[in-house]
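So the structure is just underneath, and the comments pick up after that.
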Amino acid sequence: MIVIVEIIIEYSNDNFRKLFNIKIINMKKLLIALMSIFLLVGTISAQDSPKKMLKKASKNLSKYYQNPAENEAKLTEALELVKAAFESDEAKANPDAWNTKGKIYNELANAEVKASLLNPEYLIKYPDAAQTAYQSFSKGLELGTKKGHKKDALKGLEETIGHLINSAITTYNVKDYASAFSGYNYTLELHDLLKANDAKSPIVDDAQRQEYMFYGAVAGYYGDMKTDATPLFIELADAGYDHALIYEALFSIKSEARPEEALKYLEMGRTKYPDDTGLLFAEINYYLKAGQLEILTDKLKIAIEKEPNNVTVRNTLGNVYDQLYQSEDKAGNTAKSIEYFDLAYDYYNQALAIDDKNFDATYSLGALYYNKAASYTDKINELSNDFSAAGTKKYDAMKAEMDSQFAKARPYFISAEQLNPADGNPLIALKEIYARANEFEKVAEYKAKIEALGK
């Protein structure tokens with residue numbers, strides 16, 4: 001029986017860790033005392049016309065502007081009025097109605113950001129307020145037939161983009177990546193709309209625009225919207241935006257469907273950022289999956305230099321040398337096989353020197369000896385048919401060597417079992433070792449343990 005050692009490399013992604021805790025952009029105003037603005041106050045008459053409801057909504061909004069701290073209920077009432085008005089086609093065809101709706105949602109977005117700044121545990125009640133304001137003013141701009149309509153809509157949109165930016169940043173920082181992705185995309189769309197209409201945008205240059213595009217792409221990547229995020233990453237790469245994660249993300253996204261294109265981005269990233277750990281590990285995993293073990297050894301040694309206390313990297317290098325040992329042993333290259341065996345043994349022990357309770361390193365040392373013992377099986381079977389004195393002598397010597405290697409494997413598997421009793425692989429190996437040693441009580445014991453695990 002050959003014990004199969006699965007190579008899995010895990011690492012902490014420094015590229016992704018660096019992307020959190022973005023600062024909120026400065027607010028125009030911050031109320032010192034902020035009361036809840038979301039209590040429903042007042043009633044709406046079913047007999048009011050949409051025009052009358054919109055007029056009431058505008059009056060309530062004006063009163064709110066005069067003293068937000070005392071008139072917070074007026075904003076809620078304005079919201080309910082505009083919702084009711086937009087149940088009619090009359091309001092939907094009116095640019096003033098859309099602009100009024102945009103103003104109300106702008107104030108909702110503004111108030112919620114203030115509330116979250118004053119209280120980090122505040123739960124956002126209108127997460128789409130800024131996006132609704134953007135859509136409303138955009139509709140007002142589209143439908144506007146008078147200069148005043150368009151001027152009102154653009155003025156509202158100039159304010160809305162700040163709310164969109166803050167909403168995107170806030171949702172990104174709490175890892176609501178789907179909302180952050182939408183927020184950043186709407187921000188970029190609105191920036192283009194403002195510039196097309198000679199209006200003001202807080203995004204002053206291409207560098208700032210690319211920064212928002214980058215965080216939007218990362219939000220899409222984290223939020224399982226990789227297909228939507230891909231064009232953003234590609235545009236950033238083409239523009240030469242300076243961040244290694246762009247290439248790591250493109251490599252990851254394209255690895256399955258377009259492996260050659262994925263490798264191109266990985267190579268570009270490694271050339272541009274030779275010291276980046278995330279890209280290095282991505283490259284290591286690529287060559288592991290491809291089975292190109294000879295290339296891996298130098299790359300893993302570089303990884304060890306960069307992360308000297310990373311147990312997984314040392315285990316992985318041990319596994320690479322373990323596989324190289326088995327390959328050379330099968331090919332009959334004795335000197336090379338011994339060299340690789342010793343290197344595998346060394347790196348597994350280096351891992352244990354860092355963490356003496358590491359299951360993978362402990363189990364792998366047992367597997368190293370077990371596989372070496374198992375490699376004698378075919379040779380012993382051949383010698384078993386040679387009944388001459390010389391043949392019997394060779395058979396006995398080789399069987400003794402095989403038994404010796406199984407004996408060396410046993411304590412590592414026992415330790416591995418103690419470290420992780422739920423893993424069945426050490427149990428299976430121990431059952432086989434005890435069977436070869438004719439220790440049948442132990443065989444029965446481990447058979448029962450394996451069955452208890454459902455293996």
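Each chain in the structure tokens gets a letter, A, B, ..., in the order shown, and its residues are numbered from 1; ligands are numbered from 1 in order too.
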
Shell of 6 Å around A:Asn60, only C-alpha atoms, local chain residues under 3 positions omitted, as an MDAnalysis selection string: chainID A and resid 57 63 74 78

10 Å contact set for A:His191, only C-alpha atoms, chain neighbours under 5 positions out, as a count of residues only: 13

Members of stretch 256-373 of chain A assigned helix (DSSP H, G or I) by DSSP, as an MDAnalysis selection string: chainID A and resid 259:272 277:290 293:306 311:330 334:354 359:373

Long-range neighbours of A:Leu365 as an MDAnalysis selection string, 8 Å cut-off, only C-alpha atoms, 2 positions minimum in chain: chainID A and resid 345 348 361:363 367:369 409 412

Write the residues of the preceding selection, restricted to C-alpha atoms, as a PDB file, in the first residue's frame.
```
ATOM      1  CA  TYR A 345      13.311  14.437   5.751  1.00  0.00           C
ATOM      2  CA  TYR A 348       9.707  18.061   7.341  1.00  0.00           C
ATOM      3  CA  ALA A 361       4.779  17.390   8.982  1.00  0.00           C
ATOM      4  CA  THR A 362       4.356  14.507  11.450  1.00  0.00           C
ATOM      5  CA  TYR A 363       2.198  12.486   9.091  1.00  0.00           C
ATOM      6  CA  ALA A 367       4.575   8.562   4.915  1.00  0.00           C
ATOM      7  CA  LEU A 368       8.165   9.174   3.791  1.00  0.00           C
ATOM      8  CA  TYR A 369       9.359   6.016   5.570  1.00  0.00           C
ATOM      9  CA  ALA A 409       7.233   5.078  10.077  1.00  0.00           C
ATOM     10  CA  TYR A 412       5.197   9.193  13.361  1.00  0.00           C
TER      11      TYR A 412
END
```

Coordinates-based distance that separates atom CA of A:Leu190 from atom CA of A:Ala111 (Å, one decimal):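 Here the two named atoms are 21.0 Å from each other.
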
Residues of stretch 108-217 of chain A that have any atom at most 9 Å from an atom of stretch 96-99 of chain A: could you tabulate them with the shortest-distance atom pair and the distance in Å to one decimal, using only C-alpha atoms, ordered by chain and increasing number, as a tab-separated table?
```
residue	atom	partner	partner_atom	distance
A:Ala133	CA	A:Asn99	CA	8.5
A:Gln135	CA	A:Trp98	CA	8.8
A:Ser136	CA	A:Trp98	CA	5.1
A:Phe137	CA	A:Asn99	CA	5.2
A:Ser138	CA	A:Trp98	CA	8.4
A:Lys139	CA	A:Trp98	CA	6.4
A:Gly140	CA	A:Trp98	CA	5.1
A:Leu141	CA	A:Asn99	CA	8.3
A:Leu143	CA	A:Trp98	CA	9.0
A:Gly144	CA	A:Asp96	CA	8.0
A:His149	CA	A:Asp96	CA	6.7
A:Asp152	CA	A:Asn99	CA	7.0
A:Ala153	CA	A:Asn99	CA	5.9
A:Gly156	CA	A:Asn99	CA	7.6
```

Residue subset to file, keeping C-alpha atoms, as an mmCIF file, in the first residue's frame:
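Final file, selection_21.cif:
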```cif
data_model
loop_
_atom_site.group_PDB
_atom_site.id
_atom_site.type_symbol
_atom_site.label_atom_id
_atom_site.label_comp_id
_atom_site.auth_asym_id
_atom_site.auth_seq_id
_atom_site.Cartn_x
_atom_site.Cartn_y
_atom_site.Cartn_z
ATOM 1 C CA ALA A 133 -30.637 59.429 -5.493
ATOM 2 C CA GLN A 135 -30.986 57.091 -10.452
ATOM 3 C CA SER A 136 -33.601 59.725 -9.568
ATOM 4 C CA PHE A 137 -31.523 62.756 -10.553
ATOM 5 C CA SER A 138 -30.378 60.959 -13.713
ATOM 6 C CA LYS A 139 -34.028 60.485 -14.648
ATOM 7 C CA GLY A 140 -34.714 64.132 -13.834
ATOM 8 C CA LEU A 141 -31.837 65.138 -16.106
ATOM 9 C CA LEU A 143 -36.726 64.106 -18.721
ATOM 10 C CA GLY A 144 -35.933 67.754 -18.080
ATOM 11 C CA HIS A 149 -34.746 71.000 -14.484
ATOM 12 C CA ASP A 152 -31.439 71.153 -10.440
ATOM 13 C CA ALA A 153 -30.610 67.574 -11.436
ATOM 14 C CA GLY A 156 -28.170 67.103 -6.949
#
```

Using only C-alpha atoms: which of A:Glu77, A:Glu256, A:Glu248, A:Glu211 has the shortest distance to A:Leu280: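 Using only C-alpha atoms, the shortest distance to A:Leu280 belongs to A:Glu248.
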
Long-range neighbours of A:Ala168 as a list in words, 8 Å cut-off, only C-alpha atoms, 4 positions minimum in chain: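 Answer for this query is Leu164, Tyr172, Ser179, Ala180, Phe181, Ser182, Gly183 and Tyr184 of chain A.
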
Within 9 Å of stretch 311-323 of chain A, which residues of stretch 334-443 of chain A show up? Give each one with its shortest atom-to-atom distance in Å (one decimal) and the two atoms involved, counting only C-alpha atoms, rows by chain then rising residue number, as a tab-separated table.
```
residue	atom	partner	partner_atom	distance
A:Glu339	CA	A:Tyr321	CA	9.0
A:Tyr340	CA	A:Tyr321	CA	5.3
A:Phe341	CA	A:Asp322	CA	6.1
A:Asp342	CA	A:Tyr321	CA	8.6
A:Leu343	CA	A:Tyr321	CA	6.3
A:Ala344	CA	A:Gly318	CA	4.2
A:Tyr345	CA	A:Gly318	CA	6.9
A:Asp346	CA	A:Gly318	CA	7.5
A:Tyr347	CA	A:Gly318	CA	4.9
A:Tyr348	CA	A:Gly318	CA	5.5
A:Asn349	CA	A:Asn315	CA	8.8
A:Gln350	CA	A:Arg314	CA	6.9
A:Ala351	CA	A:Val311	CA	5.0
A:Leu352	CA	A:Val311	CA	7.9
A:Ile354	CA	A:Val311	CA	6.7
A:Asp355	CA	A:Val311	CA	7.2
A:Asn358	CA	A:Val311	CA	8.2
A:Asp360	CA	A:Asn315	CA	7.3
A:Ala361	CA	A:Asn315	CA	6.0
A:Ser364	CA	A:Asn319	CA	7.7
A:Leu368	CA	A:Asp322	CA	6.8
```

Selection file, N, CA and C atoms, as a short mmCIF file (atom, residue, chain, number, x, y, z; two decimals), in the first residue's frame:
```
data_model
loop_
_atom_site.label_atom_id
_atom_site.label_comp_id
_atom_site.auth_asym_id
_atom_site.auth_seq_id
_atom_site.Cartn_x
_atom_site.Cartn_y
_atom_site.Cartn_z
N GLU A 339 19.51 11.48 -2.13
CA GLU A 339 19.65 12.93 -1.92
C GLU A 339 18.28 13.56 -1.66
N TYR A 340 17.30 13.22 -2.48
CA TYR A 340 15.98 13.82 -2.34
C TYR A 340 15.27 13.32 -1.08
N PHE A 341 15.48 12.04 -0.72
CA PHE A 341 14.90 11.51 0.51
C PHE A 341 15.41 12.31 1.71
N ASP A 342 16.71 12.54 1.75
CA ASP A 342 17.30 13.27 2.88
C ASP A 342 16.80 14.72 2.94
N LEU A 343 16.61 15.33 1.77
CA LEU A 343 16.10 16.71 1.75
C LEU A 343 14.65 16.76 2.23
N ALA A 344 13.85 15.79 1.81
CA ALA A 344 12.46 15.74 2.28
C ALA A 344 12.43 15.59 3.80
N TYR A 345 13.23 14.66 4.31
CA TYR A 345 13.31 14.44 5.75
C TYR A 345 13.72 15.72 6.48
N ASP A 346 14.67 16.44 5.91
CA ASP A 346 15.18 17.66 6.52
C ASP A 346 14.10 18.74 6.60
N TYR A 347 13.38 18.97 5.50
CA TYR A 347 12.38 20.04 5.50
C TYR A 347 11.17 19.71 6.37
N TYR A 348 10.78 18.43 6.42
CA TYR A 348 9.71 18.06 7.34
C TYR A 348 10.13 18.34 8.79
N ASN A 349 11.35 18.04 9.11
CA ASN A 349 11.83 18.29 10.47
C ASN A 349 11.99 19.78 10.75
N GLN A 350 12.34 20.55 9.72
CA GLN A 350 12.37 22.01 9.90
C GLN A 350 10.98 22.53 10.26
N ALA A 351 9.96 21.97 9.63
CA ALA A 351 8.58 22.37 9.94
C ALA A 351 8.25 22.03 11.39
N LEU A 352 8.66 20.85 11.84
CA LEU A 352 8.40 20.45 13.22
C LEU A 352 9.19 21.28 14.22
N ILE A 354 9.57 24.39 14.01
CA ILE A 354 8.76 25.60 14.19
C ILE A 354 7.50 25.28 14.97
N ASP A 355 6.87 24.14 14.64
CA ASP A 355 5.63 23.73 15.30
C ASP A 355 5.67 22.23 15.53
N ASN A 358 2.61 19.97 14.61
CA ASN A 358 2.06 20.09 13.26
C ASN A 358 1.72 18.71 12.70
N ASP A 360 0.59 17.80 9.64
CA ASP A 360 1.04 17.50 8.27
C ASP A 360 2.49 17.04 8.24
N ALA A 361 3.36 17.76 8.97
CA ALA A 361 4.78 17.39 8.98
C ALA A 361 4.97 16.03 9.64
N SER A 364 3.64 13.34 7.32
CA SER A 364 4.48 13.23 6.12
C SER A 364 5.77 12.48 6.39
N LEU A 368 6.86 9.26 4.47
CA LEU A 368 8.16 9.17 3.79
C LEU A 368 8.78 7.79 4.01
#
```

Separation of atom CA of A:Ile380 from atom CA of A:Ala416, in Å and rounded to one decimal: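 The value is 28.7 Å.
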
Distance of atom CA of A:Tyr177 from atom CA of A:Tyr222, expressed in Å to one decimal place: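 Distance between the two atoms: 6.3 Å.
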
Polymer residues at most 12 Å from stretch 257-259 of chain A, only C-alpha atoms, same-chain spacing of 5 or more positions, as a count of residues only: 10

Which of A:Leu61, A:Leu427, A:Ile234, A:Leu324 sits closest to A:Asn106 [using only C-alpha atoms]: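 Among the listed residues, A:Leu61 lies closest to A:Asn106.
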